[in-house]
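Student: Hey, dropping model-v2.cif in here, mmCIF, C-alpha atoms; chains and numbers go by the auth columns:
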data_work
loop_
_atom_site.group_PDB
_atom_site.id
_atom_site.type_symbol
_atom_site.label_atom_id
_atom_site.label_comp_id
_atom_site.label_asym_id
_atom_site.label_seq_id
_atom_site.Cartn_x
_atom_site.Cartn_y
_atom_site.Cartn_z
_atom_site.B_iso_or_equiv
_atom_site.auth_seq_id
_atom_site.auth_asym_id
ATOM 1 C CA MET A 1 0.000 0.000 0.000 0.00 190 A
ATOM 2 C CA THR A 2 1.110 3.542 -0.654 0.00 191 A
ATOM 3 C CA ALA A 3 1.037 6.151 2.122 0.00 192 A
ATOM 4 C CA ILE A 4 -2.068 7.681 0.515 0.00 193 A
ATOM 5 C CA ASP A 5 -3.782 4.268 0.460 0.00 194 A
ATOM 6 C CA ALA A 6 -2.980 3.754 4.149 0.00 195 A
ATOM 7 C CA ILE A 7 -4.322 7.193 5.105 0.00 196 A
ATOM 8 C CA MET A 8 -7.480 6.672 3.051 0.00 197 A
ATOM 9 C CA ALA A 9 -7.999 3.215 4.560 0.00 198 A
ATOM 10 C CA SER A 10 -7.606 4.606 8.086 0.00 199 A
ATOM 11 C CA ALA A 11 -10.594 6.886 7.390 0.00 200 A
ATOM 12 C CA ALA A 12 -12.703 4.329 5.512 0.00 201 A
ATOM 13 C CA ILE A 13 -15.611 4.041 7.946 0.00 202 A
ATOM 14 C CA PRO A 14 -17.764 1.068 6.892 0.00 203 A
ATOM 15 C CA ILE A 15 -21.087 2.003 5.226 0.00 204 A
ATOM 16 C CA VAL A 16 -19.985 5.640 4.854 0.00 205 A
ATOM 17 C CA PHE A 17 -16.825 5.063 2.733 0.00 206 A
ATOM 18 C CA PRO A 18 -15.722 2.153 0.516 0.00 207 A
ATOM 19 C CA GLN A 19 -12.922 -0.214 1.514 0.00 208 A
ATOM 20 C CA ILE A 20 -9.393 0.604 0.379 0.00 209 A
ATOM 21 C CA LYS A 21 -7.694 -2.588 -0.826 0.00 210 A
ATOM 22 C CA GLY A 22 -9.741 -4.586 1.668 0.00 211 A
ATOM 23 C CA TYR A 23 -8.973 -2.314 4.638 0.00 212 A
ATOM 24 C CA VAL A 24 -11.350 -0.143 6.679 0.00 213 A
ATOM 25 C CA ASP A 25 -10.989 2.353 9.519 0.00 214 A
ATOM 26 C CA GLY A 26 -9.297 0.574 12.442 0.00 215 A
ATOM 27 C CA GLY A 27 -11.188 2.873 14.804 0.00 216 A
ATOM 28 C CA VAL A 28 -14.227 0.638 14.375 0.00 217 A
ATOM 29 C CA THR A 29 -12.689 -1.824 16.837 0.00 218 A
ATOM 30 C CA ASP A 30 -9.860 0.230 18.395 0.00 219 A
ATOM 31 C CA VAL A 31 -10.955 3.860 18.578 0.00 220 A
ATOM 32 C CA THR A 32 -8.337 4.992 21.055 0.00 221 A
ATOM 33 C CA PRO A 33 -5.407 2.510 20.992 0.00 222 A
ATOM 34 C CA LEU A 34 -4.550 2.951 24.672 0.00 223 A
ATOM 35 C CA ARG A 35 -3.418 -0.640 25.198 0.00 224 A
ATOM 36 C CA GLU A 36 -0.290 -0.210 23.068 0.00 225 A
ATOM 37 C CA VAL A 37 0.455 3.182 24.641 0.00 226 A
ATOM 38 C CA PHE A 38 0.314 1.734 28.163 0.00 227 A
ATOM 39 C CA ALA A 39 2.468 -1.204 27.031 0.00 228 A
ATOM 40 C CA GLN A 40 5.071 1.311 25.853 0.00 229 A
ATOM 41 C CA PHE A 41 4.920 3.078 29.231 0.00 230 A
ATOM 42 C CA ARG A 42 5.619 -0.289 30.864 0.00 231 A
ATOM 43 C CA ARG A 43 8.586 -0.947 28.561 0.00 232 A
ATOM 44 C CA VAL A 44 10.031 2.448 29.523 0.00 233 A
ATOM 45 C CA ARG A 45 9.629 1.643 33.237 0.00 234 A
ATOM 46 C CA GLU A 46 11.225 -1.781 32.826 0.00 235 A
ATOM 47 C CA ALA A 47 14.180 -0.299 30.917 0.00 236 A
ATOM 48 C CA ALA A 48 14.948 2.056 33.823 0.00 237 A
ATOM 49 C CA PRO A 49 13.486 0.400 36.955 0.00 238 A
ATOM 50 C CA ASN A 50 15.295 2.711 39.375 0.00 239 A
ATOM 51 C CA GLN A 51 13.935 5.895 37.847 0.00 240 A
ATOM 52 C CA HIS A 52 10.544 6.944 39.140 0.00 241 A
ATOM 53 C CA ALA A 53 9.684 9.881 36.897 0.00 242 A
ATOM 54 C CA ALA A 54 5.931 10.548 36.617 0.00 243 A
ATOM 55 C CA GLN A 55 4.399 9.344 33.375 0.00 244 A
ATOM 56 C CA GLU A 56 1.737 11.429 31.678 0.00 245 A
ATOM 57 C CA LEU A 57 -0.573 10.733 28.748 0.00 246 A
ATOM 58 C CA HIS A 58 -2.487 13.309 26.699 0.00 247 A
ATOM 59 C CA ILE A 59 -5.394 12.036 24.578 0.00 248 A
ATOM 60 C CA LEU A 60 -6.324 14.479 21.821 0.00 249 A
ATOM 61 C CA ARG A 61 -9.890 13.894 20.638 0.00 250 A
ATOM 62 C CA ALA A 62 -11.205 15.185 17.310 0.00 251 A
ATOM 63 C CA SER A 63 -14.779 14.979 18.600 0.00 252 A
ATOM 64 C CA SER A 64 -16.638 15.056 21.896 0.00 253 A
ATOM 65 C CA PHE A 65 -17.875 12.038 23.798 0.00 254 A
ATOM 66 C CA PRO A 66 -21.017 11.159 21.832 0.00 255 A
ATOM 67 C CA GLY A 67 -24.404 12.185 23.149 0.00 256 A
ATOM 68 C CA PRO A 68 -27.526 10.018 22.837 0.00 257 A
ATOM 69 C CA LYS A 69 -29.496 10.185 19.592 0.00 258 A
ATOM 70 C CA THR A 70 -33.163 9.470 19.225 0.00 259 A
ATOM 71 C CA GLY A 71 -35.077 8.406 16.140 0.00 260 A
ATOM 72 C CA PRO A 72 -37.088 7.971 14.233 0.00 261 A
ATOM 73 C CA PHE A 73 -34.663 6.183 11.936 0.00 262 A
ATOM 74 C CA ASP A 74 -36.884 5.808 8.900 0.00 263 A
ATOM 75 C CA ARG A 75 -34.428 4.467 6.338 0.00 264 A
ATOM 76 C CA VAL A 76 -32.353 1.296 6.368 0.00 265 A
ATOM 77 C CA VAL A 77 -29.161 3.351 5.882 0.00 266 A
ATOM 78 C CA GLU A 78 -30.011 5.431 8.960 0.00 267 A
ATOM 79 C CA VAL A 79 -30.504 2.259 11.017 0.00 268 A
ATOM 80 C CA LEU A 80 -27.164 0.857 9.813 0.00 269 A
ATOM 81 C CA GLU A 81 -25.362 4.150 10.518 0.00 270 A
ATOM 82 C CA ARG A 82 -26.859 4.286 14.022 0.00 271 A
ATOM 83 C CA THR A 83 -25.874 0.641 14.654 0.00 272 A
ATOM 84 C CA LEU A 84 -22.276 1.346 13.625 0.00 273 A
ATOM 85 C CA GLU A 85 -22.233 4.541 15.686 0.00 274 A
ATOM 86 C CA LEU A 86 -23.385 2.677 18.817 0.00 275 A
ATOM 87 C CA PHE A 87 -20.786 -0.041 18.264 0.00 276 A
ATOM 88 C CA VAL A 88 -17.921 2.450 17.862 0.00 277 A
ATOM 89 C CA ASP A 89 -19.126 4.653 20.741 0.00 278 A
ATOM 90 C CA ASN A 90 -19.329 1.692 23.125 0.00 279 A
ATOM 91 C CA THR A 91 -15.850 0.516 22.091 0.00 280 A
ATOM 92 C CA ASP A 92 -14.535 4.048 22.638 0.00 281 A
ATOM 93 C CA ARG A 93 -16.140 4.348 26.059 0.00 282 A
ATOM 94 C CA GLU A 94 -14.816 0.930 27.092 0.00 283 A
ATOM 95 C CA ASP A 95 -11.227 1.994 26.285 0.00 284 A
ATOM 96 C CA TYR A 96 -11.452 5.063 28.517 0.00 285 A
ATOM 97 C CA GLU A 97 -13.241 3.329 31.377 0.00 286 A
ATOM 98 C CA ARG A 98 -10.701 0.483 31.388 0.00 287 A
ATOM 99 C CA ALA A 99 -7.830 2.989 31.574 0.00 288 A
ATOM 100 C CA ALA A 100 -9.465 4.819 34.489 0.00 289 A
ATOM 101 C CA PHE A 101 -10.137 1.513 36.275 0.00 290 A
ATOM 102 C CA VAL A 102 -6.542 0.300 35.889 0.00 291 A
ATOM 103 C CA ASN A 103 -5.267 3.650 37.195 0.00 292 A
ATOM 104 C CA GLU A 104 -7.466 3.285 40.270 0.00 293 A
ATOM 105 C CA LEU A 105 -6.190 -0.250 40.871 0.00 294 A
ATOM 106 C CA ALA A 106 -2.571 0.837 40.355 0.00 295 A
ATOM 107 C CA ALA A 107 -2.956 3.550 42.977 0.00 296 A
ATOM 108 C CA LYS A 108 -4.308 0.981 45.454 0.00 297 A
ATOM 109 C CA PHE A 109 -1.475 -1.422 44.613 0.00 298 A
ATOM 110 C CA ALA A 110 1.048 1.318 45.338 0.00 299 A
ATOM 111 C CA ARG A 111 -0.512 2.026 48.741 0.00 300 A
ATOM 112 C CA ALA A 112 -0.768 -1.675 49.611 0.00 301 A
ATOM 113 C CA ALA A 113 2.880 -2.217 48.670 0.00 302 A
ATOM 114 C CA GLN A 114 3.841 0.290 51.368 0.00 303 A
ATOM 115 C CA SER A 115 1.905 -1.604 54.025 0.00 304 A
ATOM 116 C CA HIS A 116 3.731 -2.713 57.197 0.00 305 A
ATOM 117 C CA ASP A 117 2.129 -6.144 56.758 0.00 306 A
ATOM 118 C CA ARG A 118 4.718 -8.239 54.887 0.00 307 A
ATOM 119 C CA GLU A 119 2.118 -10.624 53.505 0.00 308 A
ATOM 120 C CA VAL A 120 0.127 -7.742 52.013 0.00 309 A
ATOM 121 C CA CYS A 121 3.298 -6.302 50.497 0.00 310 A
ATOM 122 C CA ARG A 122 4.241 -9.644 48.970 0.00 311 A
ATOM 123 C CA ASP A 123 0.764 -10.160 47.463 0.00 312 A
ATOM 124 C CA PHE A 124 0.758 -6.792 45.765 0.00 313 A
ATOM 125 C CA SER A 125 4.415 -6.334 44.817 0.00 314 A
ATOM 126 C CA ASP A 126 4.117 -8.207 41.502 0.00 315 A
ATOM 127 C CA LEU A 127 1.011 -6.285 40.462 0.00 316 A
ATOM 128 C CA HIS A 128 2.632 -3.013 41.497 0.00 317 A
ATOM 129 C CA GLU A 129 5.532 -3.720 39.131 0.00 318 A
ATOM 130 C CA ARG A 130 3.184 -4.499 36.234 0.00 319 A
ATOM 131 C CA TYR A 131 0.866 -1.515 36.669 0.00 320 A
ATOM 132 C CA ALA A 132 1.558 2.139 37.395 0.00 321 A
ATOM 133 C CA VAL A 133 -0.606 5.238 37.696 0.00 322 A
ATOM 134 C CA ILE A 134 -0.511 7.243 34.450 0.00 323 A
ATOM 135 C CA ASP A 135 -1.888 10.775 34.695 0.00 324 A
ATOM 136 C CA THR A 136 -4.238 10.675 31.699 0.00 325 A
ATOM 137 C CA TYR A 137 -5.857 13.770 30.219 0.00 326 A
ATOM 138 C CA VAL A 138 -8.616 13.978 27.592 0.00 327 A
ATOM 139 C CA ILE A 139 -8.490 17.072 25.369 0.00 328 A
ATOM 140 C CA GLY A 140 -11.077 17.731 22.677 0.00 329 A
ATOM 141 C CA PRO A 141 -14.240 19.658 21.831 0.00 330 A
ATOM 142 C CA SER A 142 -17.223 19.627 24.165 0.00 331 A
ATOM 143 C CA LYS A 143 -20.638 18.367 23.086 0.00 332 A
ATOM 144 C CA SER A 144 -21.895 21.930 22.608 0.00 333 A
ATOM 145 C CA GLU A 145 -18.865 22.819 20.464 0.00 334 A
ATOM 146 C CA MET A 146 -19.375 19.744 18.274 0.00 335 A
ATOM 147 C CA GLY A 147 -22.931 20.902 17.598 0.00 336 A
ATOM 148 C CA LYS A 148 -21.581 23.785 15.532 0.00 337 A
ATOM 149 C CA PHE A 149 -19.934 21.337 13.143 0.00 338 A
ATOM 150 C CA SER A 150 -22.773 18.821 12.843 0.00 339 A
ATOM 151 C CA ASP A 151 -23.903 20.076 9.429 0.00 340 A
ATOM 152 C CA SER A 152 -20.468 20.584 7.929 0.00 341 A
ATOM 153 C CA ALA A 153 -18.486 17.691 9.445 0.00 342 A
ATOM 154 C CA ARG A 154 -19.111 15.335 6.538 0.00 343 A
ATOM 155 C CA SER A 155 -18.415 17.887 3.815 0.00 344 A
ATOM 156 C CA PHE A 156 -15.125 19.085 5.374 0.00 345 A
ATOM 157 C CA THR A 157 -15.604 22.652 4.132 0.00 346 A
ATOM 158 C CA LYS A 158 -12.718 25.137 4.394 0.00 347 A
ATOM 159 C CA ASP A 159 -14.688 27.312 6.809 0.00 348 A
ATOM 160 C CA ALA A 160 -15.389 24.338 9.068 0.00 349 A
ATOM 161 C CA VAL A 161 -11.710 23.330 9.064 0.00 350 A
ATOM 162 C CA LYS A 162 -10.590 26.899 9.862 0.00 351 A
ATOM 163 C CA GLU A 163 -13.128 27.154 12.674 0.00 352 A
ATOM 164 C CA GLY A 164 -11.997 23.766 14.021 0.00 353 A
ATOM 165 C CA ILE A 165 -8.332 24.816 14.054 0.00 354 A
ATOM 166 C CA LYS A 166 -9.219 28.027 15.863 0.00 355 A
ATOM 167 C CA LEU A 167 -11.253 26.072 18.411 0.00 356 A
ATOM 168 C CA GLY A 168 -8.408 23.570 18.840 0.00 357 A
ATOM 169 C CA ARG A 169 -5.942 26.342 19.715 0.00 358 A
ATOM 170 C CA ARG A 170 -8.327 27.807 22.294 0.00 359 A
ATOM 171 C CA ARG A 171 -8.963 24.359 23.736 0.00 360 A
ATOM 172 C CA MET A 172 -5.250 23.552 24.089 0.00 361 A
ATOM 173 C CA ASN A 173 -4.562 26.903 25.745 0.00 362 A
ATOM 174 C CA HIS A 174 -7.393 26.241 28.206 0.00 363 A
ATOM 175 C CA PHE A 175 -6.011 22.760 28.927 0.00 364 A
ATOM 176 C CA LEU A 176 -2.518 24.083 29.663 0.00 365 A
ATOM 177 C CA ASN A 177 -3.980 26.438 32.268 0.00 366 A
ATOM 178 C CA ASN A 178 -6.570 24.042 33.737 0.00 367 A
ATOM 179 C CA LYS A 179 -5.012 20.572 33.481 0.00 368 A
ATOM 180 C CA ASN A 180 -6.868 18.995 36.400 0.00 369 A
ATOM 181 C CA ASP A 181 -10.205 19.714 34.688 0.00 370 A
ATOM 182 C CA TYR A 182 -9.124 17.365 31.869 0.00 371 A
ATOM 183 C CA LEU A 183 -8.128 14.330 33.937 0.00 372 A
ATOM 184 C CA LEU A 184 -9.696 11.175 32.516 0.00 373 A
ATOM 185 C CA GLU A 185 -11.549 10.401 35.741 0.00 374 A
ATOM 186 C CA VAL A 186 -13.032 13.929 35.854 0.00 375 A
ATOM 187 C CA VAL A 187 -14.088 13.870 32.200 0.00 376 A
ATOM 188 C CA LEU A 188 -15.701 10.441 32.596 0.00 377 A
ATOM 189 C CA PHE A 189 -17.573 11.598 35.699 0.00 378 A
ATOM 190 C CA ASN A 190 -18.889 14.689 33.901 0.00 379 A
ATOM 191 C CA ASP A 191 -19.336 12.783 30.613 0.00 380 A
ATOM 192 C CA ASP A 192 -17.655 15.664 28.741 0.00 381 A
ATOM 193 C CA VAL A 193 -14.685 18.022 28.695 0.00 382 A
ATOM 194 C CA PRO A 194 -15.087 21.540 30.196 0.00 383 A
ATOM 195 C CA LYS A 195 -16.946 24.081 28.080 0.00 384 A
ATOM 196 C CA LEU A 196 -14.978 27.058 26.820 0.00 385 A
ATOM 197 C CA GLY A 197 -16.111 30.598 27.539 0.00 386 A
ATOM 198 C CA ARG A 198 -16.678 33.068 24.737 0.00 387 A
#
Could you rewrite the structure in this file as structure tokens?

Tutor:
Amino acid sequence: MTAIDAIMASAAIPIVFPQIKGYVDGGVTDVTPLREVFAQFRRVREAAPNQHAAQELHILRASSFPGPKTGPFDRVVEVLERTLELFVDNTDREDYERAAFVNELAAKFARAAQSHDREVCRDFSDLHERYAVIDTYVIGPSKSEMGKFSDSARSFTKDAVKEGIKLGRRRMNHFLNNKNDYLLEVVLFNDDVPKLGR
């Protein structure tokens, strides 16, 4: 495959776009490939076991966490699109929730490993070496901001792209000044990223 073929295939959402040489958008089953990222974090820790530098992950989203849609879905194509959307959204949500859950467990492992009870320490030491807390941040548009692009998202107009870039710069600036508001656990609890002011 050429680089262009690979890029086109990575955006070939089933039903919406045709396959490219038999390939479709990998995001259908792996929207946010966190598993490989966390595996790389582990490899870094194992390569330098005596260094305890904090590890941080920034997830840059191109869209907000999806909101619920209601019908009626009158046409077969609409039903198929909604089915695919639900499948991808649930896969996406599962990735984030698993990451937050593992972080919570890792924090408890770390505390248990410091216990004065030797048996407790021994039980948790192996798990503590395998898992570590990764400060994970989710940066992207809010649901209300995505609403402005709902009509133009599929046509990719120049005005929509320019507006998206402008919004992205504002969002990143807000993140750099309010990092704790973008922690994965906070975003999951609120079901969205913070809204930007005017």

Student: What do you get, as a PDB file with C-alpha atoms, in the frame of the given file, if you spell out every residue that the PyMOL selection byres ((chain A and resi 387) around 12) selects here?

Tutor:
ATOM      1  CA  GLU A 334     -18.865  22.819  20.464  1.00  0.00           C
ATOM      2  CA  LEU A 356     -11.253  26.072  18.411  1.00  0.00           C
ATOM      3  CA  ARG A 359      -8.327  27.807  22.294  1.00  0.00           C
ATOM      4  CA  ARG A 360      -8.963  24.359  23.736  1.00  0.00           C
ATOM      5  CA  LYS A 384     -16.946  24.081  28.080  1.00  0.00           C
ATOM      6  CA  LEU A 385     -14.978  27.058  26.820  1.00  0.00           C
ATOM      7  CA  GLY A 386     -16.111  30.598  27.539  1.00  0.00           C
TER       8      GLY A 386
END

Student: One decimal, Å: what's the distance from atom CA of A:Tyr212 over to atom CA of A:Val350, could you say?

Tutor: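 Separation of atom CA of A:Tyr212 and atom CA of A:Val350: 26.2 Å.
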
Student: Written as a list in words, what is the full residue list that the PyMOL selection byres ((chain A and resi 283-297) around 6) yields on the file shown?

Tutor: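 Checked against the file, the PyMOL selection byres ((chain A and resi 283-297) around 6) matches Thr280, Asp281, Arg282, Phe298, Ala299, Arg300, Tyr320, Ala321 and Val322 of chain A.
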
Student: Go ahead and save the residues from that selection, with C-alpha atoms, as a short mmCIF file (atom, residue, chain, number, x, y, z; two decimals), keeping the file's coordinate frame.

Tutor:
data_model
loop_
_atom_site.label_atom_id
_atom_site.label_comp_id
_atom_site.auth_asym_id
_atom_site.auth_seq_id
_atom_site.Cartn_x
_atom_site.Cartn_y
_atom_site.Cartn_z
CA THR A 280 -15.85 0.52 22.09
CA ASP A 281 -14.54 4.05 22.64
CA ARG A 282 -16.14 4.35 26.06
CA PHE A 298 -1.48 -1.42 44.61
CA ALA A 299 1.05 1.32 45.34
CA ARG A 300 -0.51 2.03 48.74
CA TYR A 320 0.87 -1.52 36.67
CA ALA A 321 1.56 2.14 37.40
CA VAL A 322 -0.61 5.24 37.70
#

Student: So which residues touch stretch 269-272 of chain A within 9 Å, counting only C-alpha atoms, skipping near sequence neighbours fewer than 3 positions away, as a PDB file with C-alpha atoms, keeping the file's coordinate frame?

Tutor:
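And here is the file that came out, around-v8.pdb:
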ATOM      1  CA  PRO A 203     -17.764   1.068   6.892  1.00  0.00           C
ATOM      2  CA  ILE A 204     -21.087   2.003   5.226  1.00  0.00           C
ATOM      3  CA  VAL A 205     -19.985   5.640   4.854  1.00  0.00           C
ATOM      4  CA  LYS A 258     -29.496  10.185  19.592  1.00  0.00           C
ATOM      5  CA  PHE A 262     -34.663   6.183  11.936  1.00  0.00           C
ATOM      6  CA  ARG A 264     -34.428   4.467   6.338  1.00  0.00           C
ATOM      7  CA  VAL A 265     -32.353   1.296   6.368  1.00  0.00           C
ATOM      8  CA  VAL A 266     -29.161   3.351   5.882  1.00  0.00           C
ATOM      9  CA  LEU A 275     -23.385   2.677  18.817  1.00  0.00           C
ATOM     10  CA  PHE A 276     -20.786  -0.041  18.264  1.00  0.00           C
ATOM     11  CA  VAL A 277     -17.921   2.450  17.862  1.00  0.00           C
TER      12      VAL A 277
END

Student: Counting all atoms listed in the file, which residue out of A:Ile354, A:Met190, A:Val382, A:Val226 sits closest to A:Glu245?

Tutor: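 Closest candidate: A:Val226.
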